[in-house]
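Quick notes on the structure that follows.
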Amino acid sequence: MSRVLTILALFLFSAVFAQESMPVRVSVTSQPSGASVIIDGQDRGVTPLVMYDLKPGRHHLKFRLAGYREVDRYFRMDEAPLIEKHEVLEEIKGILLVKSEPEGCDIRIDGQSVGTTPRLITNLAAKNSYTVRLRKAGYLDQSFSVKFNGRVPVVKDVKLVLSSGRIDVRSEPVGAEVTVNGIVRGLTPLVVNDVPKGRATVKLSKEGFRDEIRELAINAGDKQVLSVALQGQPGTLHLTSQPEGARFYIDDEAHGKGPITIQDLKAGQYCVRAEYDGYAAMTKTVLIENGSSARVEFKLSNIMGRLEVRTNPVDAQVVLDGRIMGKTKSRDKNAVFSDVMAIENVSEGEHVLIVRKEGYAERVLHPKVNRESTTRCRVGLKRIFVPNVRVVTTRGTHEGVFVSSGVNGIVIEVKLGITRSFSKDEIRKIEYLSDVK
C-alpha cells in the first residue's frame, strides 16, 4: 500500500514538473485572415499566427487589417497551456453622398443601380475602389471613381451636361411662333430644350411680319441665344372722298386724286390730308399696322359761297376776279333784267365783279361772299354813246352806233337816243369800228 502511494506521488510530481517546464502555445486567428497581430505594441505577424515565447502575465492583443475596424483584446498566460484567440473583424463601410444637377439621376456603382440622386450610401466597403456612373434621360452619362479613407465621408456633386442643346429664342416684337425642325415649340420669348445635336432649322412667324429662318449648329450641352428683329410686311391704304376727286397728301407728299390705293407702306402713323376746291381741307391720322389694309373716307365740308348775277341789259359780259365768266342771257325778250348767272364755289370774302357791254359804262362792284350762302347782284349798266360804225354817203360821212341793217340800207344811232336811216342807194361805204352783232 505504501508502495502504491509512493508511485502516485511520484507521478503527480512529474506531471506538475512537466507542466511548469512546457511553454504555453498562443494561437491567434481572424476572419478574414491576414490581419496584423500586435502584442503589447509589437508587431508579431499576421493571422493565422502561433506564438510560444510570450512571458507569463497579462498581455494586450490588437488586430489590425486595412478596411476593418481595429480590435483590442487582453489575456493572461496562465489561462491554459493552449490559448486560442479568434476574432471576426468588422468591415469598415465608407460614407458616400452623391448629389447632382439636375436631381433624379440613376446611380450605378460598378454597374449596379443603387437609387437616384441625391443619395447617402453607407454600405460600401471602405477598402475597395468603385466606379460610379450617373444617368438621366436627355443628359450625357457622367462617371467618376471613389476611394475611401476609412469613415471619412466622400461627397460628390456632379453637374450633368445635356445630351442635346438648348436655344433661347427672342424676337422683336415678342409673341412670334417658334418652329424648330418643323415642330412648333411655342411663342417668344422661349427657351427650347432637347434640341438634338447637329443642324437645327429655326423659323419665327408672326402675323403682319415676314417669316425669319435661321440655321444653327447644335452641340451637346449648348445653350445658344437667338435674337431676331422681325421685318414687318407692308400695309395698304385705300383713300376715298365725298365729293369724289379730292387731292390726297400723305405726310405732305402728293399722291394724286382719289379714289386711290397706296401700297407698300411701312407700319406706323401717317398724316393724311384731303383737299378739294370749294371744300375745307381735312386731315386725319391713320395707323398702318404690319401687313394690314386700311380704308379711310373723307367727307368734306363745302365752305364756298354762290354768287348770282343779273344784268340790264342782257348779253353783258361778267368778269369775276379777272376771270371771264360769260355773258348774261334771257329767255324772255321783254324782261328788263337777264336770267340769273349762277357762279358756284366762290371763296369766302370780298371779290371784284366787273360787268361790261359795248355802248354801256363799265360797272365795278365788290360783292362779299359768305360760305355756304348765296350773294345776289343786280347790275344795271348806264348807256353811253360810243360809235361803232361809220357810214360814207353821197352827202357825207356819219358815225354812230349800229342798230340794224337790211336790203334797203342801215340804221344807226347818230346821237344818244336819236337814230337815222341810210338807204342803199346813197351809201357808198360802211365801216365797222368794232365787232357788231
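Residues in the C-alpha cells are numbered from 1 in each chain, the chains being A, B, ... in the order shown, and ligands are numbered from 1 in the order shown.
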Expected answer as an MDAnalysis selection string: strand (DSSP E) residues in region 167-204 of chain A: chainID A and resid 167:172 177:180 183:187 190:195 198:204
Please, could you write that set of residues out with C-alpha atoms as a short mmCIF file (atom, residue, chain, number, x, y, z; two decimals), in the first residue's frame?
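File selection_13.cif, as written:
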```cif
data_model
loop_
_atom_site.label_atom_id
_atom_site.label_comp_id
_atom_site.auth_asym_id
_atom_site.auth_seq_id
_atom_site.Cartn_x
_atom_site.Cartn_y
_atom_site.Cartn_z
CA ILE A 167 -31.93 77.57 -77.76
CA ASP A 168 -33.00 80.79 -76.05
CA VAL A 169 -35.16 82.39 -78.75
CA ARG A 170 -36.03 86.08 -78.52
CA SER A 171 -37.76 88.35 -81.03
CA GLU A 172 -38.66 91.97 -81.51
CA GLU A 177 -44.29 81.48 -83.09
CA VAL A 178 -41.14 79.34 -82.90
CA THR A 179 -40.79 76.21 -85.04
CA VAL A 180 -37.70 74.01 -84.60
CA ILE A 183 -42.17 71.26 -84.78
CA VAL A 184 -43.98 74.22 -83.18
CA ARG A 185 -42.43 74.84 -79.75
CA GLY A 186 -44.21 78.00 -78.51
CA LEU A 187 -44.07 81.81 -78.58
CA LEU A 190 -38.91 80.98 -75.33
CA VAL A 191 -36.21 78.52 -74.21
CA VAL A 192 -36.38 75.44 -76.43
CA ASN A 193 -34.94 72.38 -74.66
CA ASP A 194 -33.92 68.98 -76.01
CA VAL A 195 -32.78 70.17 -79.41
CA GLY A 198 -26.47 68.70 -85.33
CA ARG A 199 -28.16 71.19 -87.65
CA ALA A 200 -31.32 72.88 -86.38
CA THR A 201 -33.69 74.94 -88.51
CA VAL A 202 -35.49 77.63 -86.51
CA LYS A 203 -38.40 79.57 -88.02
CA LEU A 204 -40.12 82.57 -86.43
#
```
Spatial neighbours of Asn149 (chain A), 12 Å, only C-alpha atoms, chain gap at least 2 places, as a list in words: Ala66, Gly67, Tyr68, Ile92, Lys93, Gly94, Ile95, Leu96, Ala125, Ala126, Lys127, Asn128, Ser129, Val146, Lys147, Arg151, Val152, Pro153 and Val154 of chain A
Who sits within 10 Å of Asp264 (chain A), only C-alpha atoms, same chain under 3 positions skipped, as a PyMOL selection string: chain A and resi 233-237+267+291
Spatial neighbours of region 362-367 of chain A, 12 Å, only C-alpha atoms, chain gap at least 6 places, as JSON, numbers by chain: {"A": [305, 306, 307, 308, 309, 311, 312, 316, 317, 318, 319, 320, 321, 322, 346, 347, 348, 349, 350, 351, 352, 353, 354, 355, 356, 374, 375, 376, 377, 378, 379, 380, 381, 382, 383, 384]}
Neighbour list for Lys257 (chain A) as JSON, numbers by chain, cut-off 12 Å, only C-alpha atoms, skip fewer than 6 positions in-chain: {"A": [238, 239, 240, 241, 243, 244, 245, 246, 247, 248, 249, 273, 274, 275, 276]}
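Here the question is which of A:Ser143, A:Gly150, A:Leu416, A:Arg108 gets nearest to Glu70 (chain A) using only C-alpha atoms, and that residue is A:Gly150.
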Residue neighbourhood Lys329 (chain A), 12 Å, only C-alpha atoms, exclusion window fewer than 3 positions, as a PyMOL selection string: chain A and resi 309-318+326+332-333+335-342
Produce a file of the selected residues containing N, CA, C and O atoms, as a CSV table (one decimal), in the first residue's frame.
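The result, written out as selection.csv:
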```
chain,number,residue,atom,x,y,z
A,309,VAL,N,-75.7,136.7,-110.5
A,309,VAL,CA,-75.7,138.0,-111.2
A,309,VAL,C,-76.8,138.1,-112.2
A,309,VAL,O,-76.9,137.2,-113.1
A,310,ARG,N,-77.5,139.2,-112.2
A,310,ARG,CA,-78.5,139.6,-113.3
A,310,ARG,C,-78.1,141.0,-113.8
A,310,ARG,O,-77.7,141.9,-113.0
A,311,THR,N,-78.2,141.1,-115.1
A,311,THR,CA,-77.8,142.4,-115.7
A,311,THR,C,-78.9,143.0,-116.5
A,311,THR,O,-79.8,142.3,-117.0
A,312,ASN,N,-78.8,144.3,-116.6
A,312,ASN,CA,-79.6,145.1,-117.5
A,312,ASN,C,-78.7,146.1,-118.2
A,312,ASN,O,-78.1,146.9,-117.5
A,313,PRO,N,-78.5,145.9,-119.5
A,313,PRO,CA,-79.2,145.0,-120.4
A,313,PRO,C,-78.7,143.6,-120.4
A,313,PRO,O,-77.7,143.3,-119.7
A,314,VAL,N,-79.3,142.7,-121.2
A,314,VAL,CA,-78.9,141.3,-121.3
A,314,VAL,C,-77.6,141.3,-122.2
A,314,VAL,O,-77.3,142.3,-122.9
A,315,ASP,N,-77.0,140.2,-122.2
A,315,ASP,CA,-75.8,140.0,-123.0
A,315,ASP,C,-74.6,140.8,-122.5
A,315,ASP,O,-73.7,141.1,-123.3
A,316,ALA,N,-74.6,141.1,-121.2
A,316,ALA,CA,-73.5,141.8,-120.7
A,316,ALA,C,-72.4,140.7,-120.3
A,316,ALA,O,-72.7,139.7,-119.8
A,317,GLN,N,-71.2,141.1,-120.4
A,317,GLN,CA,-70.1,140.3,-120.0
A,317,GLN,C,-69.8,140.4,-118.5
A,317,GLN,O,-69.7,141.5,-118.0
A,318,VAL,N,-69.6,139.2,-117.8
A,318,VAL,CA,-69.4,139.2,-116.4
A,318,VAL,C,-67.9,138.7,-116.2
A,318,VAL,O,-67.6,137.6,-116.7
A,326,GLY,N,-68.5,134.7,-118.6
A,326,GLY,CA,-69.5,134.5,-119.7
A,326,GLY,C,-70.4,135.8,-119.8
A,326,GLY,O,-70.1,136.8,-119.2
A,332,ASP,N,-86.7,135.5,-121.8
A,332,ASP,CA,-87.8,136.4,-122.1
A,332,ASP,C,-87.3,137.7,-122.7
A,332,ASP,O,-86.6,138.5,-122.1
A,333,LYS,N,-87.6,137.9,-124.0
A,333,LYS,CA,-87.1,139.1,-124.7
A,333,LYS,C,-87.6,140.4,-124.1
A,333,LYS,O,-87.0,141.4,-124.3
A,335,ALA,N,-88.0,141.0,-120.9
A,335,ALA,CA,-87.6,141.1,-119.5
A,335,ALA,C,-86.6,142.3,-119.4
A,335,ALA,O,-85.8,142.5,-120.3
A,336,VAL,N,-86.7,143.0,-118.3
A,336,VAL,CA,-85.8,144.1,-118.0
A,336,VAL,C,-84.4,143.6,-117.7
A,336,VAL,O,-83.4,144.1,-118.2
A,337,PHE,N,-84.4,142.6,-116.8
A,337,PHE,CA,-83.1,142.0,-116.4
A,337,PHE,C,-82.9,140.6,-117.0
A,337,PHE,O,-83.9,139.9,-117.3
A,338,SER,N,-81.7,140.3,-117.1
A,338,SER,CA,-81.4,138.9,-117.6
A,338,SER,C,-81.8,137.8,-116.6
A,338,SER,O,-82.1,138.1,-115.5
A,339,ASP,N,-81.7,136.6,-117.1
A,339,ASP,CA,-81.8,135.5,-116.2
A,339,ASP,C,-80.6,135.5,-115.3
A,339,ASP,O,-79.6,136.1,-115.5
A,340,VAL,N,-80.7,134.6,-114.2
A,340,VAL,CA,-79.6,134.6,-113.2
A,340,VAL,C,-78.4,133.8,-113.8
A,340,VAL,O,-78.6,132.7,-114.4
A,341,MET,N,-77.3,134.5,-113.7
A,341,MET,CA,-76.0,133.8,-114.0
A,341,MET,C,-75.4,133.3,-112.6
A,341,MET,O,-75.1,134.1,-111.8
A,342,ALA,N,-75.4,132.0,-112.4
A,342,ALA,CA,-75.0,131.5,-111.1
A,342,ALA,C,-73.5,131.1,-111.2
A,342,ALA,O,-73.1,130.3,-112.1
```
Neighbour list for Ser421 (chain A) as a ChimeraX atom specification, cut-off 10 Å, only C-alpha atoms, skip fewer than 3 positions in-chain: /A:403-405,408-414,424
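Among the candidates A:Asn370, A:Gln263, A:Gln242, A:Gln269, the residue lying nearest to Leu300 (chain A) is A:Gln242 (atoms considered: only C-alpha atoms).
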Distance in Å - CA of Thr328 (chain A) versus CA of Ala361 (chain A): 16.2 Å
